[in-house]
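For reference, entry.txt (compact mmCIF, C-alpha atoms):
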```txt
# COMPACT_ATOMS: atom_id res chain seq x y z
CA MET O 317 0.00 0.00 0.00
CA HIS O 318 2.69 2.42 1.04
CA GLY O 319 4.85 1.50 -1.93
CA THR O 320 2.01 2.07 -4.39
CA LEU O 321 1.23 5.44 -2.89
CA ALA O 322 4.87 6.51 -3.06
CA GLY O 323 5.02 5.33 -6.67
CA ASP O 324 1.91 7.31 -7.53
CA ILE O 325 3.34 10.44 -5.94
CA GLY O 326 6.58 9.89 -7.84
CA ILE O 327 4.80 9.57 -11.18
CA ALA O 328 2.75 12.65 -10.35
CA LEU O 329 5.96 14.55 -9.61
CA VAL O 330 7.41 13.42 -12.93
CA ASN O 331 4.28 14.69 -14.67
CA VAL O 332 4.53 18.01 -12.84
CA PHE O 333 8.19 18.30 -13.84
CA PHE O 334 7.43 17.67 -17.52
CA LEU O 335 4.60 20.20 -17.49
CA ALA O 336 6.81 22.77 -15.78
CA VAL O 337 9.47 22.27 -18.44
CA LEU O 338 6.82 22.74 -21.13
CA PHE O 339 5.64 25.94 -19.45
CA ALA O 340 9.16 27.33 -19.15
CA ALA O 341 9.96 26.46 -22.77
CA ALA O 342 6.77 28.13 -23.99
CA ILE O 343 7.53 31.30 -22.01
CA ALA O 344 11.09 31.35 -23.36
CA ILE O 345 9.86 30.85 -26.94
CA ALA O 346 7.44 33.73 -26.54
CA ARG O 347 10.15 36.06 -25.24
CA MET O 348 12.98 35.25 -27.64
CA ARG O 349 13.80 37.08 -30.85
CA SER O 350 16.32 34.77 -32.49
CA LEU O 351 14.45 32.35 -34.70
CA PHE O 352 17.24 29.76 -34.56
CA ALA O 353 16.91 29.55 -30.81
CA ILE O 354 13.14 29.41 -31.11
CA VAL O 355 13.36 26.45 -33.48
CA MET O 356 15.75 24.69 -31.09
CA LEU O 357 13.42 25.31 -28.17
CA ALA O 358 10.47 24.08 -30.22
CA GLY O 359 12.37 20.83 -30.71
CA ILE O 360 12.86 20.58 -26.96
CA TYR O 361 9.20 21.36 -26.42
CA SER O 362 8.13 18.55 -28.77
CA LEU O 363 10.52 16.06 -27.17
CA VAL O 364 9.32 16.87 -23.68
CA SER O 365 5.67 16.70 -24.64
CA ALA O 366 6.31 13.35 -26.34
CA ALA O 367 7.99 12.08 -23.17
CA TRP O 368 5.06 13.37 -21.15
CA TYR O 369 2.60 11.53 -23.41
CA VAL O 370 4.55 8.35 -22.68
CA ALA O 371 4.39 9.10 -18.96
CA VAL O 372 0.60 9.43 -19.12
CA ASP O 373 0.40 6.23 -21.18
CA ALA O 374 -0.62 7.69 -24.54
CA VAL O 375 2.09 5.87 -26.43
CA ASP O 376 0.70 6.23 -29.94
CA VAL O 377 0.29 9.99 -29.59
CA ALA O 378 3.83 10.12 -28.24
CA PHE O 379 5.16 8.35 -31.31
CA THR O 380 3.42 10.81 -33.60
CA GLU O 381 4.61 13.79 -31.58
CA ALA O 382 8.21 12.60 -31.59
CA ALA O 383 8.27 11.85 -35.31
CA VAL O 384 6.39 14.93 -36.49
CA GLY O 385 7.16 17.47 -33.77
CA ALA O 386 10.74 16.75 -32.87
CA GLY O 387 11.97 15.30 -36.15
CA MET O 388 10.10 16.66 -39.13
CA SER O 389 8.86 20.05 -37.99
CA THR O 390 12.33 21.14 -36.84
CA ALA O 391 13.66 20.47 -40.33
CA VAL O 392 10.66 22.14 -41.96
CA LEU O 393 10.94 25.21 -39.71
CA LEU O 394 14.65 25.54 -40.50
CA GLY O 395 13.85 25.25 -44.21
CA ALA O 396 11.16 27.89 -43.86
CA MET O 397 13.64 30.14 -42.07
CA LEU O 398 15.84 29.99 -45.16
CA LEU O 399 13.12 31.86 -47.02
CA THR O 400 12.55 34.54 -44.39
CA SER O 401 14.68 36.51 -41.97
CA ARG O 402 16.59 35.15 -38.99
CA THR O 403 15.13 37.26 -36.22
CA ALA O 404 11.61 38.18 -35.29
CA LYS O 405 10.63 41.82 -35.29
CA PRO O 406 9.76 43.20 -31.88
CA GLU O 407 6.06 43.80 -31.63
CA LYS O 408 4.26 46.71 -30.13
CA LEU O 409 2.82 46.12 -26.72
CA PHE O 410 -0.63 47.12 -27.88
CA SER O 411 -0.79 44.56 -30.68
CA ARG O 412 -0.21 41.73 -28.21
CA VAL O 413 -3.38 42.43 -26.25
CA GLY O 414 -5.76 40.84 -28.78
CA PRO O 415 -3.95 37.48 -29.09
CA MET O 416 -3.51 37.35 -25.33
CA LEU O 417 -7.23 37.88 -24.82
CA VAL O 418 -7.99 35.06 -27.27
CA CYS O 419 -5.52 32.74 -25.50
CA VAL O 420 -6.85 33.52 -22.03
CA MET O 421 -10.45 33.04 -23.13
CA THR O 422 -9.67 29.74 -24.88
CA GLY O 423 -7.79 28.52 -21.84
CA ALA O 424 -10.63 29.51 -19.55
CA ALA O 425 -13.13 27.72 -21.78
CA LEU O 426 -11.00 24.56 -21.79
CA ILE O 427 -10.60 24.62 -18.02
CA TYR O 428 -14.36 25.14 -17.70
CA ALA O 429 -14.89 22.13 -20.00
CA THR O 430 -12.71 19.86 -17.86
CA VAL O 431 -15.21 20.19 -15.01
CA ASP O 432 -17.63 17.99 -16.95
CA LEU O 433 -15.07 15.32 -17.80
CA PRO O 434 -15.55 11.94 -16.12
CA GLY O 435 -12.92 10.88 -13.62
CA LEU O 436 -9.88 8.86 -14.61
CA GLY O 437 -10.86 5.19 -14.90
CA ASP O 438 -14.55 5.86 -14.28
CA PRO O 439 -16.34 2.66 -15.40
CA ASN O 440 -19.45 4.61 -16.43
CA SER O 441 -17.67 7.09 -18.67
CA PRO O 442 -18.49 6.88 -22.41
CA VAL O 443 -14.96 5.70 -23.14
CA ASN O 444 -15.26 2.66 -20.92
CA SER O 445 -18.92 1.76 -21.38
CA GLY O 446 -19.60 2.11 -25.12
CA VAL O 447 -17.80 0.72 -28.11
CA GLY O 448 -14.47 0.87 -26.31
CA TYR O 449 -15.55 -1.87 -23.96
CA THR O 450 -16.54 -4.05 -26.93
CA TYR O 451 -13.14 -3.51 -28.49
CA LEU O 452 -11.47 -4.54 -25.25
CA GLN O 453 -13.50 -7.74 -25.18
CA ILE O 454 -13.31 -8.94 -28.78
CA ASN O 455 -9.89 -7.55 -29.74
CA TRP O 456 -7.86 -10.53 -28.57
CA HIS O 457 -10.07 -13.08 -30.37
CA ASP O 458 -10.13 -11.02 -33.56
CA THR O 459 -6.53 -9.98 -33.95
CA GLY O 460 -4.38 -11.25 -31.09
CA ILE O 461 -2.58 -7.91 -30.72
CA PRO O 462 -2.03 -6.98 -27.07
CA ASN O 463 -2.23 -3.18 -27.49
CA VAL O 464 -5.86 -2.35 -28.21
CA VAL O 465 -5.12 0.94 -29.92
CA THR O 466 -3.17 -0.76 -32.70
CA PRO O 467 -5.96 -3.06 -33.99
CA VAL O 468 -8.51 -0.26 -33.64
CA LEU O 469 -6.41 1.99 -35.86
CA GLY O 470 -5.03 -0.62 -38.22
CA SER O 471 -7.76 -3.24 -38.40
CA TYR O 472 -11.20 -2.04 -37.32
CA ARG O 473 -10.71 1.40 -38.82
CA GLY O 474 -8.15 0.44 -41.43
CA PHE O 475 -9.66 2.41 -44.32
CA ASP O 476 -10.00 5.48 -42.14
CA THR O 477 -6.32 5.25 -41.23
CA LEU O 478 -5.41 4.74 -44.88
CA GLY O 479 -7.27 7.93 -45.79
CA GLU O 480 -5.59 9.88 -43.00
CA THR O 481 -2.18 8.63 -44.05
CA THR O 482 -2.88 9.68 -47.63
CA VAL O 483 -3.85 13.17 -46.50
CA VAL O 484 -0.77 13.52 -44.31
CA PHE O 485 1.45 12.25 -47.12
CA ALA O 486 -0.03 14.74 -49.58
CA ALA O 487 0.44 17.58 -47.08
CA GLY O 488 4.05 16.60 -46.49
CA LEU O 489 4.67 16.39 -50.22
CA ALA O 490 3.20 19.87 -50.71
CA VAL O 491 5.41 21.30 -47.95
CA ALA O 492 8.47 19.63 -49.44
CA LEU O 493 7.68 21.04 -52.88
CA LEU O 494 7.06 24.53 -51.50
CA LEU O 495 10.29 24.59 -49.54
CA GLY O 496 12.28 23.24 -52.47
CA PHE O 497 13.63 19.95 -51.24
CA GLY O 498 13.29 18.84 -54.86
CA GLU O 499 15.66 17.73 -57.57
CA ARG O 500 15.66 21.05 -59.42
CA SER O 501 17.26 23.14 -56.70
CA LEU O 502 19.71 20.34 -56.06
CA ALA O 503 20.80 20.42 -59.72
CA GLU O 504 21.11 24.19 -59.55
CA MET O 505 23.28 23.96 -56.46
CA ILE O 506 25.57 21.41 -58.08
CA ARG O 507 25.87 23.57 -61.20
CA LYS O 508 26.87 26.54 -59.08
CA GLU O 509 29.39 24.41 -57.29
CA ASP O 510 30.88 23.30 -60.60
CA ARG O 511 31.16 26.89 -61.77
CA THR O 512 33.07 27.89 -58.66
CA SER O 513 35.33 24.86 -58.94
CA LEU O 514 36.09 25.73 -62.59
CA ARG O 515 37.39 29.07 -61.43
CA GLN O 516 39.68 27.17 -59.05
CA LYS O 517 38.69 29.25 -56.13
CA PRO O 518 38.85 27.29 -52.91
CA LYS O 519 35.82 27.92 -50.76
CA ALA O 520 36.55 30.05 -47.74
CA PRO O 521 35.51 28.38 -44.51
CA GLU O 522 32.47 30.01 -43.01
CA ALA O 523 32.72 32.00 -39.88
CA PRO O 524 31.08 30.35 -36.89
CA ALA O 525 27.48 31.37 -36.80
CA THR O 526 26.14 33.20 -33.83
CA ASP O 527 22.67 34.18 -32.87
CA GLU O 528 23.14 37.65 -34.23
CA ASP O 529 24.36 36.39 -37.59
CA PRO O 530 22.43 38.47 -40.10
CA ALA O 531 23.47 36.48 -43.18
CA MET E 2 17.84 3.15 -6.94
CA VAL E 3 15.93 3.52 -10.19
CA ALA E 4 14.00 6.43 -8.75
CA ALA E 5 17.26 8.13 -7.76
CA SER E 6 18.59 7.82 -11.31
CA LEU E 7 15.33 9.23 -12.64
CA ILE E 8 15.64 12.23 -10.32
CA ALA E 9 19.24 12.75 -11.43
CA LEU E 10 18.14 12.63 -15.07
CA LEU E 11 15.40 15.17 -14.45
CA ILE E 12 17.85 17.53 -12.75
CA GLY E 13 20.16 17.14 -15.74
CA MET E 14 17.27 17.96 -18.04
CA ALA E 15 16.57 21.15 -16.09
CA LEU E 16 20.22 22.21 -16.32
CA LEU E 17 20.28 21.54 -20.06
CA LEU E 18 17.11 23.52 -20.49
CA LEU E 19 18.77 26.44 -18.72
CA ARG E 20 21.68 26.20 -21.16
CA ALA E 21 19.27 26.17 -24.08
CA PHE E 22 17.61 29.32 -22.71
CA ILE E 23 20.71 31.38 -22.05
CA GLY E 24 23.16 29.76 -24.46
CA PRO E 25 25.16 32.61 -25.95
CA THR E 26 25.98 30.95 -29.27
CA LEU E 27 24.00 28.68 -31.54
CA TYR E 28 26.26 25.74 -30.93
CA ASP E 29 25.53 25.82 -27.22
CA ARG E 30 21.88 25.53 -28.09
CA VAL E 31 22.40 22.75 -30.62
CA LEU E 32 24.45 20.83 -28.08
CA ALA E 33 21.83 21.47 -25.42
CA VAL E 34 19.05 20.19 -27.68
CA ASN E 35 21.02 17.09 -28.63
CA SER E 36 21.91 16.28 -25.03
CA PHE E 37 18.34 17.02 -24.01
CA GLY E 38 17.17 14.43 -26.52
CA THR E 39 19.60 11.92 -25.06
CA LYS E 40 18.37 12.73 -21.58
CA THR E 41 14.79 12.24 -22.76
CA VAL E 42 15.68 8.82 -24.15
CA LEU E 43 17.35 7.81 -20.88
CA ALA E 44 14.51 9.22 -18.78
CA LEU E 45 11.97 7.27 -20.83
CA GLY E 46 13.92 4.05 -20.36
CA VAL E 47 14.18 4.60 -16.61
CA LEU E 48 10.55 5.69 -16.42
CA GLY E 49 9.53 2.39 -18.00
CA PHE E 50 11.25 0.53 -15.17
CA VAL E 51 9.81 2.85 -12.52
CA MET E 52 6.29 2.30 -13.85
CA GLY E 53 6.92 -1.41 -14.21
CA ARG E 54 6.60 -1.41 -17.98
CA PRO E 55 9.99 -2.05 -19.59
CA GLU E 56 8.38 -1.97 -23.07
CA PHE E 57 9.06 1.77 -22.98
CA LEU E 58 12.58 0.88 -24.06
CA ASP E 59 11.31 0.43 -27.62
CA ILE E 60 9.92 3.98 -27.64
CA ALA E 61 13.19 5.23 -26.20
CA LEU E 62 15.06 3.59 -29.08
CA THR E 63 12.82 5.33 -31.61
CA TYR E 64 13.43 8.66 -29.90
CA ALA E 65 17.16 8.05 -30.08
CA LEU E 66 16.95 7.54 -33.84
CA ILE E 67 14.80 10.64 -34.36
CA ASN E 68 17.12 12.70 -32.19
CA PHE E 69 20.16 11.61 -34.17
CA VAL E 70 18.59 12.32 -37.55
CA SER E 71 17.28 15.74 -36.51
CA THR E 72 20.66 16.74 -35.06
CA ILE E 73 22.32 15.80 -38.34
CA ALA E 74 19.73 17.87 -40.19
CA ILE E 75 20.27 20.91 -37.95
CA LEU E 76 24.06 20.74 -38.22
CA LYS E 77 23.85 20.33 -41.97
CA PHE E 78 21.65 23.38 -42.11
CA PHE E 79 24.14 25.43 -40.09
CA ARG E 80 27.05 24.32 -42.24
CA TYR E 81 25.55 24.74 -45.69
CA ARG E 82 22.57 27.06 -45.02
CA SER E 83 20.51 24.60 -47.02
CA PHE E 84 19.18 21.07 -46.89
CA GLN E 85 19.81 20.43 -50.57
CA VAL E 86 23.45 19.53 -50.20
CA PRO E 87 24.36 15.86 -50.49
CA LEU E 88 26.23 14.78 -47.39
CA ALA E 89 28.56 12.47 -49.31
CA ARG E 90 30.95 13.86 -51.86
CA ARG E 91 29.66 13.57 -55.38
CA SER E 92 30.97 11.26 -58.09
CA PRO E 93 34.49 12.03 -59.38
CA GLY E 94 33.06 14.04 -62.30
CA GLY E 95 33.01 17.36 -60.45
CA LYS E 96 35.80 17.61 -57.91
CA SER E 97 35.21 20.69 -55.86
```
Would you put the structure from the file into structure tokens?
Amino acid sequence: MHGTLAGDIGIALVNVFFLAVLFAAAIAIARMRSLFAIVMLAGIYSLVSAAWYVAVDAVDVAFTEAAVGAGMSTAVLLGAMLLTSRTAKPEKLFSRVGPMLVCVMTGAALIYATVDLPGLGDPNSPVNSGVGYTYLQINWHDTGIPNVVTPVLGSYRGFDTLGETTVVFAAGLAVALLLGFGERSLAEMIRKEDRTSLRQKPKAPEAPATDEDPA
Amino acid sequence: MVAASLIALLIGMALLLLRAFIGPTLYDRVLAVNSFGTKTVLALGVLGFVMGRPEFLDIALTYALINFVSTIAILKFFRYRSFQVPLARRSPGGKS
């Protein structure tokens, strides 16, 4: 009994730590001007939130967050930064009031909505009493996969997942085309490289980049 | 014992986060992010044992791979200012 309680408190403290890190990272992102640092911190934010999803036992969401948030979106944000400037312009104090109002109101609405949520592990909640309960009962006989989320996504709702994957693939393809990951820019780069090598000019090593690098 | 290592890892994460906040140069921040990813992987592995579910090790392995690939991408971006540079040297046709 005592050991279980201590374990629960420990897990709760881990959750609190992860959420505090997320809060601090979000505040730092909002206050920084260097876009490089913001992209780095966004990577940290995604990693921590993925780790937190694992800690609260939402493993599939954590996988998605780690792959998309920490891996792909960092690369995409860096690529997007190539096309724009490297630092954010400081905003006027007055223009921040509107977004802050929207954020505060959305947060208040969400907190108000959590009052109606059923308790964790409540047997009468819709999650545990409806179709979810049926899945839990028939899943093992149907598929034999221990994690229930996997057969629900891949077997019972296979076509749905296929459609979602197609949409995500198309979106990723569009982003890649817009940012110019394609063959054309690669060929152009190689041509430029050949031209410089024909002139026999050795490339000067780049100066170490700092946050204030305007290049 | 496992809980103590988890606490140590969390303290390390906090310190790395501080470095990522105040890091004067970019490379401090890149290093902080990379080490933070490693710390996350380790913390997930330890957390699996604390919660009695060692299957979390698989997730930790995936995170390690993602962390490695994204660090390579970031460093490549800083070196070449572009992602469209092949990492290996091209065929002997165009020696640059």
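Of the listed residues O:Asn455, O:Thr403, O:Ser411, O:Asn463, the one whose atoms come nearest to E:Glu56 is O:Asn463, with distances taken using all atoms listed in the file.
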Padded axis-aligned box of stretch 461-471 of chain O (4 Å per side), centre and edge lengths, Å, one decimal, as JSON:
```
{"center_x": -5.3, "center_y": -3.0, "center_z": -32.7, "size_x": 14.5, "size_y": 17.9, "size_z": 19.3}
```
May I have the residues within 10 Å of O:Gly448 as a list of chain:residue names, using all atoms listed in the file and disregarding those fewer than 5 positions away in the same chain? O:Pro442, O:Val443, O:Gln453, O:Val464, O:Val468
To one decimal place in Å, what is the distance between atom CA of E:Ile23 and atom CA of O:Phe352?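 Atom CA of O:Phe352 lies at a distance of 13.1 Å from atom CA of E:Ile23.
Nearest to E:Ala9 of all the residues E:Ala65, E:Leu58, E:Val70, E:Leu43 is E:Leu43, based on only C-alpha atoms.
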Which one is closest to chain O: E:Ser36, E:Thr63, E:Thr26, E:Thr72? Count all atoms listed in the file.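 For chain O, the nearest of the candidates is E:Thr26.
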As a compact mmCIF listing (two decimals) with C-alpha atoms, in the frame of the given file, please: the residues near O:Tyr361 (cut-off 12 Å, all atoms listed in the file, same-chain neighbours under 6 positions excluded).
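Output contents, as saved in selection.txt:
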```txt
# COMPACT_ATOMS: atom_id res chain seq x y z
CA PHE O 334 7.43 17.67 -17.52
CA LEU O 335 4.60 20.20 -17.49
CA ALA O 336 6.81 22.77 -15.78
CA VAL O 337 9.47 22.27 -18.44
CA LEU O 338 6.82 22.74 -21.13
CA PHE O 339 5.64 25.94 -19.45
CA ALA O 340 9.16 27.33 -19.15
CA ALA O 341 9.96 26.46 -22.77
CA ALA O 342 6.77 28.13 -23.99
CA ILE O 343 7.53 31.30 -22.01
CA ALA O 344 11.09 31.35 -23.36
CA ILE O 345 9.86 30.85 -26.94
CA ILE O 354 13.14 29.41 -31.11
CA VAL O 355 13.36 26.45 -33.48
CA ALA O 367 7.99 12.08 -23.17
CA TRP O 368 5.06 13.37 -21.15
CA GLU O 381 4.61 13.79 -31.58
CA ALA O 382 8.21 12.60 -31.59
CA GLY O 385 7.16 17.47 -33.77
CA ALA O 386 10.74 16.75 -32.87
CA GLY O 387 11.97 15.30 -36.15
CA SER O 389 8.86 20.05 -37.99
CA THR O 390 12.33 21.14 -36.84
CA LEU E 18 17.11 23.52 -20.49
CA ALA E 21 19.27 26.17 -24.08
CA VAL E 34 19.05 20.19 -27.68
CA PHE E 37 18.34 17.02 -24.01
CA GLY E 38 17.17 14.43 -26.52
CA THR E 41 14.79 12.24 -22.76
```
